[in-house]
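In what follows, a single structure is set out as structure tokens and then discussed.
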Amino acid sequence: MSHKLLDDLTERAKLAINKKAAFGEDIDLTKYLKPSNKHDYVEDLEKLSDEEKERLIAVGVDTKAEQRSGSFVQHDTKVSHRRSTQEGVEVMGTGEALEKYDWLQDYWWKAVAVDQDKYTAHVELHQNDGYFIRTLPGVKTVYPLQACLYLREESTAQNVHNIIIAEEGSELHIITGCTTGPHVKEGIHLGVSEFYVKKGAKVSFTMIHGWNENVAVRPRTGVFIEEDGIFLSNYILLKRAHSLQMYPNAYMVGKNSTARFNTIIAVPEGSHVDSGARTYLRAPGAKAEIISRTISTGGTVISRGHMIGEVPGVKSHMECNGLILSETGIVSAVPELEGHVADVEMSHEAAVGKIAKEEIEYLMARGLSEDEAKSTIIRGFLDVSIMGLPPHLEAAIKKTVETSQKGFM
Amino acid sequence: MLELKDLKVEVSGKEILHGVNLKINDAETHVLFGPNGAGKTTLLMAIMGFPEYKITGGSILFNGEDITDLPLHERARKGIGMSFQRPPTIKGVKTHQVIELSARNGISIDEAAKELNLGHLLNRDVNDGFSGGEIKRSELAQLMAQQPSFVLLDEPESGVDLENISLLGGAINKLLQKDMKRQRVNSGLIITHTGYILDYVDADVGHLLIEGIVPCAGNPREMLHHIKENGYEVCAICPTNC
């Protein structure tokens, strides 16, 4: 990377290091320690400890890496495993990628502003790798790639910067699991992700989070989608996260580009999650959809969506549905539509409340007990088949959801 | 099979049924006529056991057992089944799932689905965007899986085209074991406005529900004829004058 660019980014980051984020609790970043960075590289994910394997599997990572086109694992600050098993698919740490490719600077902090807030600034000033995943033109991943960002040491900060590029006409499916070691009580995960979906390319990005008690999480994501490009984001969080806030931006700059954000979030007591998606429809024929389903069993979840139609001939739709399953939980839906010209088609629906009595009774009239009826409805509410995933990936995620559900049903 | 004795039912604090007496024997199909707002759906909902339909007096006997205080799902498990007129949509819960869940005796859903031409609806969220006819077919498929011995059908023909009525009629006849003659046990109570369903399903007894009571019973076809000729004021000119 050129010195001038680097200096410029450092300068901007320094100026923003105390800049509060627009949403979410303001977190004191000085209280986290620097990880010791002593982790070894592992050739075979099966050789990880049983305890760690269990954590990885719970967020959708297949440690056998069968039916995966590649894997990436980072423990705290260090890349501990990276492998691509398909030609035309590149998987490596962003540090390594920056050394390998001069052109990468053209993608560096282009979809997310380095000075967006203190968290982006912190990542720039204290970056510890992250993943670089790229499909070459026309290459389609046979199986999904998997990536895992793992917080192993107590009270540390993980600052990753990920770059994902799907070159023209390529197809890339990624499943990312972020989790902590079983004994980690406190920590912070800061993850910047920049996606570039080129002309006619398709990216599906499925992220499953499984955090521990007092972990704070601040992902910062930006996506550029070119002509006929498709970006599909699926986010699943079913375990407690002390404080999580994210609001990814999708810039739909190409004609007929598509962005879809599906979110399934359950918040137990002690969880505070503020999550959403913002789509800028900037080219004719652009289509965006945001669907979020949230459940509170005592925690707070704010589900946001902001769709901005800037040119004629764009379409967008948003659905935010929330279920409150306890006396104290808070579910908040904040849908926002913004049309800048007349010829836009934008709509939203939002509903928050407990499970509809008539739905429970309908199933009871078929012989289900009240509890059986409720859990059937909740399972349906959390159904991942809305995510439009390849069948084998859908099956794997369904299994993960089933496992996680046991915790709160 | 089912006996209602002086049944009084209240909805949102207002009494709708003022003492209904009705007896349906094994293997009998009864039809319920009555003007809009008379309380026909209320009667079905109360028999099924929906909590909002509060029984304030009288009793319901099912196969000799008093089920007046039994919860909804236990009545279903004892063999009472209902086809809804406007069932709710449950997002994420597929039609095939509901049919499978209804099938407590391990009945294969394939037969019910095929019989009711339901294939394309099985993987859709139950009742989500279904047409009138699709709702009825899905309801009956659920009942065929559930195999109740007593069925409550709330206007099974409303919103259904002629072609589908015969399909539904066939399914209702199966539910009521119409092909079994002597060994037949199953019985049912059907609400109908138009009476079209009577062209497909043989009914034994008709009742008129008017102003919260069921004053009389008779031959269903004759009653329908009288209602068509004279409207629901038929009571006033009824020779039994009860």
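Order determines the names: the first chain of the structure tokens is A, the second B, and so forth; residues in each chain are numbered 1 upward, and ligands are numbered 1 upward as they are shown.
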
Pick out each residue of range 38-161 of chain B that DSSP on the backbone tags as helix (DSSP H, G or I); I need them as a PDB file with N, CA and C atoms, in the first residue's frame.
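Okay, out.pdb is ready:
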```pdb
ATOM      1  N   LYS B  40     -74.377 -19.577  14.612  1.00  0.00           N
ATOM      2  CA  LYS B  40     -73.985 -20.900  14.107  1.00  0.00           C
ATOM      3  C   LYS B  40     -72.495 -21.179  14.358  1.00  0.00           C
ATOM      4  N   THR B  41     -71.646 -20.224  13.971  1.00  0.00           N
ATOM      5  CA  THR B  41     -70.206 -20.410  14.184  1.00  0.00           C
ATOM      6  C   THR B  41     -69.914 -20.480  15.680  1.00  0.00           C
ATOM      7  N   THR B  42     -70.621 -19.659  16.445  1.00  0.00           N
ATOM      8  CA  THR B  42     -70.442 -19.680  17.900  1.00  0.00           C
ATOM      9  C   THR B  42     -70.693 -21.083  18.456  1.00  0.00           C
ATOM     10  N   LEU B  43     -71.739 -21.724  17.932  1.00  0.00           N
ATOM     11  CA  LEU B  43     -72.060 -23.071  18.412  1.00  0.00           C
ATOM     12  C   LEU B  43     -70.914 -24.039  18.105  1.00  0.00           C
ATOM     13  N   LEU B  44     -70.393 -23.962  16.872  1.00  0.00           N
ATOM     14  CA  LEU B  44     -69.293 -24.858  16.505  1.00  0.00           C
ATOM     15  C   LEU B  44     -68.047 -24.586  17.358  1.00  0.00           C
ATOM     16  N   MET B  45     -67.727 -23.317  17.526  1.00  0.00           N
ATOM     17  CA  MET B  45     -66.535 -22.948  18.302  1.00  0.00           C
ATOM     18  C   MET B  45     -66.675 -23.411  19.759  1.00  0.00           C
ATOM     19  N   ALA B  46     -67.894 -23.311  20.286  1.00  0.00           N
ATOM     20  CA  ALA B  46     -68.117 -23.721  21.676  1.00  0.00           C
ATOM     21  C   ALA B  46     -68.000 -25.237  21.816  1.00  0.00           C
ATOM     22  N   ILE B  47     -68.498 -25.971  20.815  1.00  0.00           N
ATOM     23  CA  ILE B  47     -68.382 -27.437  20.875  1.00  0.00           C
ATOM     24  C   ILE B  47     -66.904 -27.837  20.805  1.00  0.00           C
ATOM     25  N   MET B  48     -66.150 -27.125  19.925  1.00  0.00           N
ATOM     26  CA  MET B  48     -64.720 -27.440  19.776  1.00  0.00           C
ATOM     27  C   MET B  48     -63.951 -27.070  21.045  1.00  0.00           C
ATOM     28  N   LEU B  72     -59.599 -27.296  24.718  1.00  0.00           N
ATOM     29  CA  LEU B  72     -59.632 -27.453  23.258  1.00  0.00           C
ATOM     30  C   LEU B  72     -58.862 -28.672  22.740  1.00  0.00           C
ATOM     31  N   HIS B  73     -57.568 -28.749  23.074  1.00  0.00           N
ATOM     32  CA  HIS B  73     -56.761 -29.799  22.441  1.00  0.00           C
ATOM     33  C   HIS B  73     -57.172 -31.188  22.925  1.00  0.00           C
ATOM     34  N   GLU B  74     -57.723 -31.258  24.154  1.00  0.00           N
ATOM     35  CA  GLU B  74     -58.154 -32.575  24.641  1.00  0.00           C
ATOM     36  C   GLU B  74     -59.432 -33.025  23.945  1.00  0.00           C
ATOM     37  N   ARG B  75     -60.259 -32.069  23.596  1.00  0.00           N
ATOM     38  CA  ARG B  75     -61.453 -32.417  22.812  1.00  0.00           C
ATOM     39  C   ARG B  75     -61.017 -32.938  21.440  1.00  0.00           C
ATOM     40  N   ALA B  76     -59.995 -32.249  20.867  1.00  0.00           N
ATOM     41  CA  ALA B  76     -59.492 -32.702  19.560  1.00  0.00           C
ATOM     42  C   ALA B  76     -58.949 -34.123  19.676  1.00  0.00           C
ATOM     43  N   ARG B  77     -58.230 -34.390  20.770  1.00  0.00           N
ATOM     44  CA  ARG B  77     -57.642 -35.723  20.928  1.00  0.00           C
ATOM     45  C   ARG B  77     -58.700 -36.793  21.166  1.00  0.00           C
ATOM     46  N   LYS B  78     -59.842 -36.376  21.691  1.00  0.00           N
ATOM     47  CA  LYS B  78     -60.927 -37.348  21.917  1.00  0.00           C
ATOM     48  C   LYS B  78     -61.684 -37.671  20.629  1.00  0.00           C
ATOM     49  N   THR B  95     -47.803 -25.991   5.278  1.00  0.00           N
ATOM     50  CA  THR B  95     -49.048 -26.762   5.233  1.00  0.00           C
ATOM     51  C   THR B  95     -48.785 -28.239   5.539  1.00  0.00           C
ATOM     52  N   HIS B  96     -47.719 -28.789   4.939  1.00  0.00           N
ATOM     53  CA  HIS B  96     -47.471 -30.219   5.168  1.00  0.00           C
ATOM     54  C   HIS B  96     -47.174 -30.494   6.641  1.00  0.00           C
ATOM     55  N   GLN B  97     -46.533 -29.520   7.299  1.00  0.00           N
ATOM     56  CA  GLN B  97     -46.238 -29.692   8.734  1.00  0.00           C
ATOM     57  C   GLN B  97     -47.523 -29.801   9.543  1.00  0.00           C
ATOM     58  N   VAL B  98     -48.468 -28.890   9.247  1.00  0.00           N
ATOM     59  CA  VAL B  98     -49.717 -28.892  10.013  1.00  0.00           C
ATOM     60  C   VAL B  98     -50.469 -30.201   9.769  1.00  0.00           C
ATOM     61  N   ILE B  99     -50.438 -30.677   8.531  1.00  0.00           N
ATOM     62  CA  ILE B  99     -51.118 -31.947   8.234  1.00  0.00           C
ATOM     63  C   ILE B  99     -50.423 -33.075   9.006  1.00  0.00           C
ATOM     64  N   GLU B 100     -49.081 -33.054   8.993  1.00  0.00           N
ATOM     65  CA  GLU B 100     -48.343 -34.109   9.718  1.00  0.00           C
ATOM     66  C   GLU B 100     -48.629 -34.042  11.222  1.00  0.00           C
ATOM     67  N   LEU B 101     -48.667 -32.815  11.752  1.00  0.00           N
ATOM     68  CA  LEU B 101     -48.928 -32.659  13.185  1.00  0.00           C
ATOM     69  C   LEU B 101     -50.347 -33.117  13.548  1.00  0.00           C
ATOM     70  N   SER B 102     -51.262 -32.937  12.608  1.00  0.00           N
ATOM     71  CA  SER B 102     -52.641 -33.353  12.866  1.00  0.00           C
ATOM     72  C   SER B 102     -52.747 -34.869  12.905  1.00  0.00           C
ATOM     73  N   ILE B 109     -49.617 -38.560   4.930  1.00  0.00           N
ATOM     74  CA  ILE B 109     -50.280 -37.344   4.450  1.00  0.00           C
ATOM     75  C   ILE B 109     -50.442 -37.379   2.930  1.00  0.00           C
ATOM     76  N   ASP B 110     -49.695 -38.287   2.281  1.00  0.00           N
ATOM     77  CA  ASP B 110     -49.701 -38.295   0.815  1.00  0.00           C
ATOM     78  C   ASP B 110     -51.100 -38.487   0.259  1.00  0.00           C
ATOM     79  N   GLU B 111     -51.827 -39.423   0.887  1.00  0.00           N
ATOM     80  CA  GLU B 111     -53.139 -39.757   0.375  1.00  0.00           C
ATOM     81  C   GLU B 111     -54.076 -38.549   0.450  1.00  0.00           C
ATOM     82  N   ALA B 112     -54.069 -37.894   1.640  1.00  0.00           N
ATOM     83  CA  ALA B 112     -54.918 -36.720   1.840  1.00  0.00           C
ATOM     84  C   ALA B 112     -54.545 -35.617   0.856  1.00  0.00           C
ATOM     85  N   ALA B 113     -53.242 -35.436   0.655  1.00  0.00           N
ATOM     86  CA  ALA B 113     -52.768 -34.371  -0.230  1.00  0.00           C
ATOM     87  C   ALA B 113     -53.191 -34.642  -1.670  1.00  0.00           C
ATOM     88  N   LYS B 114     -53.098 -35.896  -2.063  1.00  0.00           N
ATOM     89  CA  LYS B 114     -53.433 -36.268  -3.428  1.00  0.00           C
ATOM     90  C   LYS B 114     -54.945 -36.144  -3.645  1.00  0.00           C
ATOM     91  N   GLU B 115     -55.673 -36.684  -2.711  1.00  0.00           N
ATOM     92  CA  GLU B 115     -57.133 -36.664  -2.787  1.00  0.00           C
ATOM     93  C   GLU B 115     -57.655 -35.238  -2.962  1.00  0.00           C
ATOM     94  N   GLY B 119     -50.901 -30.756  -3.656  1.00  0.00           N
ATOM     95  CA  GLY B 119     -49.446 -30.839  -3.842  1.00  0.00           C
ATOM     96  C   GLY B 119     -48.724 -29.499  -3.818  1.00  0.00           C
ATOM     97  N   HIS B 120     -49.226 -28.546  -4.591  1.00  0.00           N
ATOM     98  CA  HIS B 120     -48.511 -27.269  -4.726  1.00  0.00           C
ATOM     99  C   HIS B 120     -48.576 -26.417  -3.463  1.00  0.00           C
ATOM    100  N   LEU B 121     -49.452 -26.765  -2.536  1.00  0.00           N
ATOM    101  CA  LEU B 121     -49.595 -25.933  -1.330  1.00  0.00           C
ATOM    102  C   LEU B 121     -48.790 -26.481  -0.154  1.00  0.00           C
ATOM    103  N   GLY B 132     -60.035 -19.102  -1.521  1.00  0.00           N
ATOM    104  CA  GLY B 132     -61.102 -19.710  -0.714  1.00  0.00           C
ATOM    105  C   GLY B 132     -61.107 -21.224  -0.833  1.00  0.00           C
ATOM    106  N   GLY B 133     -61.009 -21.706  -2.070  1.00  0.00           N
ATOM    107  CA  GLY B 133     -61.033 -23.142  -2.308  1.00  0.00           C
ATOM    108  C   GLY B 133     -59.816 -23.839  -1.716  1.00  0.00           C
ATOM    109  N   GLU B 134     -58.664 -23.178  -1.819  1.00  0.00           N
ATOM    110  CA  GLU B 134     -57.431 -23.776  -1.273  1.00  0.00           C
ATOM    111  C   GLU B 134     -57.506 -23.924   0.243  1.00  0.00           C
ATOM    112  N   ILE B 135     -58.104 -22.928   0.889  1.00  0.00           N
ATOM    113  CA  ILE B 135     -58.267 -22.996   2.350  1.00  0.00           C
ATOM    114  C   ILE B 135     -59.111 -24.213   2.714  1.00  0.00           C
ATOM    115  N   LYS B 136     -60.230 -24.383   2.022  1.00  0.00           N
ATOM    116  CA  LYS B 136     -61.119 -25.506   2.350  1.00  0.00           C
ATOM    117  C   LYS B 136     -60.417 -26.833   2.136  1.00  0.00           C
ATOM    118  N   ARG B 137     -59.657 -26.924   1.036  1.00  0.00           N
ATOM    119  CA  ARG B 137     -58.974 -28.181   0.743  1.00  0.00           C
ATOM    120  C   ARG B 137     -57.910 -28.473   1.789  1.00  0.00           C
ATOM    121  N   SER B 138     -57.206 -27.423   2.176  1.00  0.00           N
ATOM    122  CA  SER B 138     -56.174 -27.613   3.201  1.00  0.00           C
ATOM    123  C   SER B 138     -56.800 -28.012   4.544  1.00  0.00           C
ATOM    124  N   GLU B 139     -57.935 -27.391   4.859  1.00  0.00           N
ATOM    125  CA  GLU B 139     -58.633 -27.732   6.107  1.00  0.00           C
ATOM    126  C   GLU B 139     -59.049 -29.202   6.118  1.00  0.00           C
ATOM    127  N   LEU B 140     -59.617 -29.637   4.985  1.00  0.00           N
ATOM    128  CA  LEU B 140     -60.098 -31.013   4.942  1.00  0.00           C
ATOM    129  C   LEU B 140     -58.944 -32.019   4.944  1.00  0.00           C
ATOM    130  N   ALA B 141     -57.819 -31.628   4.328  1.00  0.00           N
ATOM    131  CA  ALA B 141     -56.657 -32.532   4.360  1.00  0.00           C
ATOM    132  C   ALA B 141     -56.180 -32.701   5.799  1.00  0.00           C
ATOM    133  N   GLN B 142     -56.193 -31.597   6.558  1.00  0.00           N
ATOM    134  CA  GLN B 142     -55.804 -31.692   7.969  1.00  0.00           C
ATOM    135  C   GLN B 142     -56.740 -32.625   8.726  1.00  0.00           C
ATOM    136  N   LEU B 143     -58.041 -32.500   8.428  1.00  0.00           N
ATOM    137  CA  LEU B 143     -59.014 -33.369   9.110  1.00  0.00           C
ATOM    138  C   LEU B 143     -58.852 -34.830   8.705  1.00  0.00           C
ATOM    139  N   MET B 144     -58.542 -35.046   7.423  1.00  0.00           N
ATOM    140  CA  MET B 144     -58.362 -36.435   6.982  1.00  0.00           C
ATOM    141  C   MET B 144     -57.171 -37.066   7.695  1.00  0.00           C
ATOM    142  N   ALA B 145     -56.149 -36.225   7.979  1.00  0.00           N
ATOM    143  CA  ALA B 145     -54.997 -36.747   8.724  1.00  0.00           C
ATOM    144  C   ALA B 145     -55.357 -36.958  10.196  1.00  0.00           C
ATOM    145  N   GLN B 146     -56.170 -36.055  10.707  1.00  0.00           N
ATOM    146  CA  GLN B 146     -56.541 -36.103  12.130  1.00  0.00           C
ATOM    147  C   GLN B 146     -57.506 -37.253  12.427  1.00  0.00           C
TER     148      GLN B 146
END
```

Counting only C-alpha atoms, chain A residues within 8 Å of chain B, as number ranges by chain: A: 358-359, 361-370, 376-377, 379-383

Keeping only N, CA, C and O atoms, write the selected residues as a compact mmCIF listing (two decimals), in the first residue's frame.
```txt
# COMPACT_ATOMS: atom_id res chain seq x y z
N GLU A 358 -54.94 -16.80 18.17
CA GLU A 358 -55.69 -17.59 17.20
C GLU A 358 -54.80 -18.62 16.49
O GLU A 358 -55.27 -19.68 16.09
N GLU A 359 -53.51 -18.31 16.36
CA GLU A 359 -52.59 -19.28 15.74
C GLU A 359 -52.38 -20.47 16.68
O GLU A 359 -52.35 -21.62 16.25
N GLU A 361 -54.44 -21.50 19.03
CA GLU A 361 -55.68 -22.27 19.14
C GLU A 361 -55.97 -23.09 17.88
O GLU A 361 -56.54 -24.17 17.95
N TYR A 362 -55.57 -22.54 16.76
CA TYR A 362 -55.77 -23.28 15.50
C TYR A 362 -55.04 -24.63 15.56
O TYR A 362 -55.59 -25.66 15.22
N LEU A 363 -53.80 -24.58 16.05
CA LEU A 363 -53.04 -25.83 16.14
C LEU A 363 -53.57 -26.72 17.26
O LEU A 363 -53.55 -27.94 17.17
N MET A 364 -54.07 -26.09 18.33
CA MET A 364 -54.65 -26.89 19.42
C MET A 364 -55.90 -27.64 18.95
O MET A 364 -56.17 -28.75 19.40
N ALA A 365 -56.62 -27.03 18.01
CA ALA A 365 -57.81 -27.70 17.48
C ALA A 365 -57.43 -28.94 16.67
O ALA A 365 -58.27 -29.75 16.32
N ARG A 366 -56.13 -29.07 16.36
CA ARG A 366 -55.65 -30.27 15.67
C ARG A 366 -55.05 -31.27 16.67
O ARG A 366 -54.41 -32.23 16.29
N GLY A 367 -55.16 -30.93 17.96
CA GLY A 367 -54.72 -31.87 18.98
C GLY A 367 -53.38 -31.55 19.62
O GLY A 367 -52.89 -32.30 20.46
N LEU A 368 -52.76 -30.43 19.26
CA LEU A 368 -51.49 -30.07 19.90
C LEU A 368 -51.76 -29.39 21.24
O LEU A 368 -52.71 -28.61 21.34
N SER A 369 -50.91 -29.65 22.22
CA SER A 369 -51.07 -28.94 23.49
C SER A 369 -50.63 -27.49 23.27
O SER A 369 -50.01 -27.18 22.25
N GLU A 370 -50.91 -26.65 24.23
CA GLU A 370 -50.54 -25.24 24.06
C GLU A 370 -49.03 -25.09 23.87
O GLU A 370 -48.58 -24.33 23.00
N THR A 376 -44.11 -24.98 17.88
CA THR A 376 -44.23 -25.13 16.43
C THR A 376 -44.22 -23.75 15.76
O THR A 376 -43.55 -23.54 14.75
N ILE A 377 -44.94 -22.81 16.36
CA ILE A 377 -45.01 -21.47 15.78
C ILE A 377 -43.65 -20.77 15.85
O ILE A 377 -43.20 -20.13 14.90
N ARG A 379 -40.69 -22.24 16.01
CA ARG A 379 -39.80 -22.89 15.04
C ARG A 379 -40.07 -22.35 13.63
O ARG A 379 -39.15 -22.10 12.86
N GLY A 380 -41.34 -22.14 13.32
CA GLY A 380 -41.70 -21.60 12.01
C GLY A 380 -41.19 -20.17 11.86
O GLY A 380 -40.67 -19.79 10.82
N PHE A 381 -41.32 -19.41 12.93
CA PHE A 381 -40.88 -18.01 12.92
C PHE A 381 -39.38 -17.93 12.63
O PHE A 381 -38.90 -17.01 11.98
N LEU A 382 -38.65 -18.92 13.14
CA LEU A 382 -37.20 -18.93 12.95
C LEU A 382 -36.78 -19.77 11.74
O LEU A 382 -35.62 -20.11 11.59
N ASP A 383 -37.72 -20.07 10.87
CA ASP A 383 -37.41 -20.93 9.74
C ASP A 383 -36.40 -20.27 8.80
O ASP A 383 -36.63 -19.18 8.30
```

Distance of CA of Gly313 in chain A from CA of Ala283 in chain A, expressed in Å to one decimal place: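 Interatomic distance, CA of Ala283 in chain A to CA of Gly313 in chain A: 8.2 Å.
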
Residues near range 266-280 of chain A, cut-off 9 Å, only C-alpha atoms, skip fewer than 6 positions along chain, as number ranges by chain: A: 23-24, 213-214, 236-253, 259, 288-290, 292-310, 316, 328-329, 334, 408

Any chance you could export the current selection's N, CA and C atoms as a CSV table (one decimal), in the first residue's frame?
```csv
chain,number,residue,atom,x,y,z
A,23,PHE,N,-25.4,4.7,16.8
A,23,PHE,CA,-26.3,3.9,17.6
A,23,PHE,C,-25.5,3.0,18.5
A,24,GLY,N,-26.2,2.5,19.6
A,24,GLY,CA,-25.5,1.5,20.5
A,24,GLY,C,-24.8,2.2,21.6
A,213,GLU,N,-21.4,-14.3,27.6
A,213,GLU,CA,-21.9,-13.3,28.5
A,213,GLU,C,-21.7,-11.8,28.2
A,214,ASN,N,-20.4,-11.4,28.4
A,214,ASN,CA,-20.1,-10.0,28.4
A,214,ASN,C,-19.3,-9.6,27.2
A,236,ILE,N,-27.7,-14.7,11.7
A,236,ILE,CA,-28.4,-15.5,12.8
A,236,ILE,C,-27.7,-15.3,14.1
A,237,LEU,N,-28.4,-14.9,15.1
A,237,LEU,CA,-27.9,-14.8,16.5
A,237,LEU,C,-28.9,-15.3,17.4
A,238,LEU,N,-28.6,-16.4,18.1
A,238,LEU,CA,-29.6,-17.0,19.0
A,238,LEU,C,-29.1,-17.1,20.4
A,239,LYS,N,-27.8,-16.6,20.6
A,239,LYS,CA,-27.3,-16.7,22.0
A,239,LYS,C,-27.0,-15.3,22.5
A,240,ARG,N,-26.8,-15.3,23.8
A,240,ARG,CA,-26.7,-14.0,24.5
A,240,ARG,C,-25.4,-13.2,24.0
A,241,ALA,N,-25.6,-11.9,23.7
A,241,ALA,CA,-24.5,-11.0,23.4
A,241,ALA,C,-24.8,-9.8,24.2
A,242,HIS,N,-23.8,-9.4,25.1
A,242,HIS,CA,-24.0,-8.3,26.0
A,242,HIS,C,-24.4,-7.1,25.3
A,243,SER,N,-23.7,-6.7,24.2
A,243,SER,CA,-24.0,-5.5,23.5
A,243,SER,C,-23.5,-5.7,22.0
A,244,LEU,N,-24.5,-5.7,21.1
A,244,LEU,CA,-24.1,-5.9,19.7
A,244,LEU,C,-24.8,-4.8,18.9
A,245,GLN,N,-24.1,-4.1,18.1
A,245,GLN,CA,-24.7,-3.1,17.3
A,245,GLN,C,-24.1,-3.1,15.9
A,246,MET,N,-24.9,-3.2,14.9
A,246,MET,CA,-24.4,-3.1,13.5
A,246,MET,C,-25.5,-2.6,12.6
A,247,TYR,N,-25.1,-2.0,11.5
A,247,TYR,CA,-26.0,-1.4,10.5
A,247,TYR,C,-25.3,-1.4,9.2
A,248,PRO,N,-25.2,-2.5,8.5
A,248,PRO,CA,-24.5,-2.6,7.3
A,248,PRO,C,-25.1,-1.8,6.2
A,249,ASN,N,-24.3,-1.2,5.3
A,249,ASN,CA,-24.8,-0.4,4.2
A,249,ASN,C,-24.6,-1.2,2.9
A,250,ALA,N,-25.6,-1.2,2.0
A,250,ALA,CA,-25.4,-1.8,0.7
A,250,ALA,C,-25.6,-0.7,-0.3
A,251,TYR,N,-24.6,-0.5,-1.2
A,251,TYR,CA,-24.7,0.5,-2.2
A,251,TYR,C,-25.0,-0.2,-3.5
A,252,MET,N,-26.2,-0.1,-4.0
A,252,MET,CA,-26.5,-0.8,-5.2
A,252,MET,C,-26.3,0.2,-6.4
A,253,VAL,N,-25.1,0.1,-7.0
A,253,VAL,CA,-24.7,1.1,-8.0
A,253,VAL,C,-24.9,0.6,-9.4
A,259,ALA,N,-30.2,-6.7,-3.5
A,259,ALA,CA,-29.6,-7.0,-2.2
A,259,ALA,C,-30.7,-7.5,-1.3
A,288,ALA,N,-34.3,-4.3,-3.5
A,288,ALA,CA,-33.8,-4.6,-2.2
A,288,ALA,C,-34.9,-5.2,-1.3
A,289,GLU,N,-34.5,-6.1,-0.4
A,289,GLU,CA,-35.5,-6.7,0.5
A,289,GLU,C,-34.8,-6.8,1.9
A,290,ILE,N,-35.5,-6.5,2.9
A,290,ILE,CA,-35.0,-6.7,4.3
A,290,ILE,C,-36.1,-7.4,5.0
A,292,SER,N,-36.6,-9.2,8.8
A,292,SER,CA,-36.1,-9.5,10.0
A,292,SER,C,-37.1,-10.2,11.0
A,293,ARG,N,-36.7,-11.2,11.7
A,293,ARG,CA,-37.5,-11.8,12.6
A,293,ARG,C,-36.8,-11.9,14.0
A,294,THR,N,-37.4,-11.3,15.0
A,294,THR,CA,-36.7,-11.2,16.2
A,294,THR,C,-37.6,-11.7,17.3
A,295,ILE,N,-36.9,-12.3,18.3
A,295,ILE,CA,-37.6,-12.9,19.5
A,295,ILE,C,-36.9,-12.4,20.7
A,296,SER,N,-37.7,-11.9,21.7
A,296,SER,CA,-37.1,-11.6,23.0
A,296,SER,C,-37.6,-12.5,24.1
A,297,THR,N,-36.7,-13.0,24.8
A,297,THR,CA,-37.1,-13.8,26.0
A,297,THR,C,-36.6,-13.1,27.2
A,298,GLY,N,-36.5,-11.8,27.1
A,298,GLY,CA,-36.1,-11.0,28.3
A,298,GLY,C,-35.1,-9.9,27.9
A,299,GLY,N,-34.4,-10.0,26.8
A,299,GLY,CA,-33.5,-9.0,26.4
A,299,GLY,C,-34.1,-7.9,25.5
A,300,THR,N,-33.3,-7.0,25.0
A,300,THR,CA,-33.7,-5.9,24.1
A,300,THR,C,-33.2,-6.1,22.7
A,301,VAL,N,-34.1,-6.0,21.7
A,301,VAL,CA,-33.6,-6.1,20.4
A,301,VAL,C,-34.3,-4.9,19.6
A,302,ILE,N,-33.4,-4.2,18.9
A,302,ILE,CA,-33.9,-3.1,18.0
A,302,ILE,C,-33.6,-3.6,16.6
A,303,SER,N,-34.7,-3.6,15.8
A,303,SER,CA,-34.4,-4.0,14.4
A,303,SER,C,-34.7,-2.9,13.5
A,304,ARG,N,-33.7,-2.5,12.8
A,304,ARG,CA,-33.8,-1.3,12.0
A,304,ARG,C,-33.7,-1.6,10.5
A,305,GLY,N,-34.3,-0.7,9.7
A,305,GLY,CA,-34.1,-0.9,8.3
A,305,GLY,C,-34.3,0.5,7.6
A,306,HIS,N,-33.5,0.7,6.7
A,306,HIS,CA,-33.5,2.0,6.0
A,306,HIS,C,-33.3,1.8,4.5
A,307,MET,N,-34.3,2.1,3.7
A,307,MET,CA,-34.2,1.9,2.3
A,307,MET,C,-34.2,3.3,1.6
A,308,ILE,N,-33.3,3.5,0.8
A,308,ILE,CA,-33.2,4.9,0.1
A,308,ILE,C,-33.3,4.7,-1.4
A,309,GLY,N,-34.4,5.1,-2.0
A,309,GLY,CA,-34.6,5.0,-3.4
A,309,GLY,C,-34.2,6.3,-4.1
A,310,GLU,N,-33.0,6.2,-4.8
A,310,GLU,CA,-32.5,7.5,-5.3
A,310,GLU,C,-32.8,7.8,-6.8
A,316,SER,N,-38.3,-1.8,-3.4
A,316,SER,CA,-37.8,-2.4,-2.2
A,316,SER,C,-38.9,-2.7,-1.2
A,328,THR,N,-40.7,-9.2,30.3
A,328,THR,CA,-39.8,-8.0,30.4
A,328,THR,C,-39.1,-7.7,29.1
A,329,GLY,N,-39.2,-8.5,28.1
A,329,GLY,CA,-38.4,-8.3,26.9
A,329,GLY,C,-38.9,-7.0,26.1
A,334,VAL,N,-37.9,-0.5,13.7
A,334,VAL,CA,-37.8,0.8,13.2
A,334,VAL,C,-37.6,0.8,11.7
A,408,PHE,N,-33.5,-21.7,24.5
A,408,PHE,CA,-34.5,-20.7,25.0
A,408,PHE,C,-35.9,-21.2,24.8
```

Shell of 9 Å around range 73-89 of chain A, only C-alpha atoms, local chain residues under 2 positions omitted, as a PyMOL selection string: chain A and resi 34-45+68-71+91-93+127-131+133-142+145-153+156-160+172
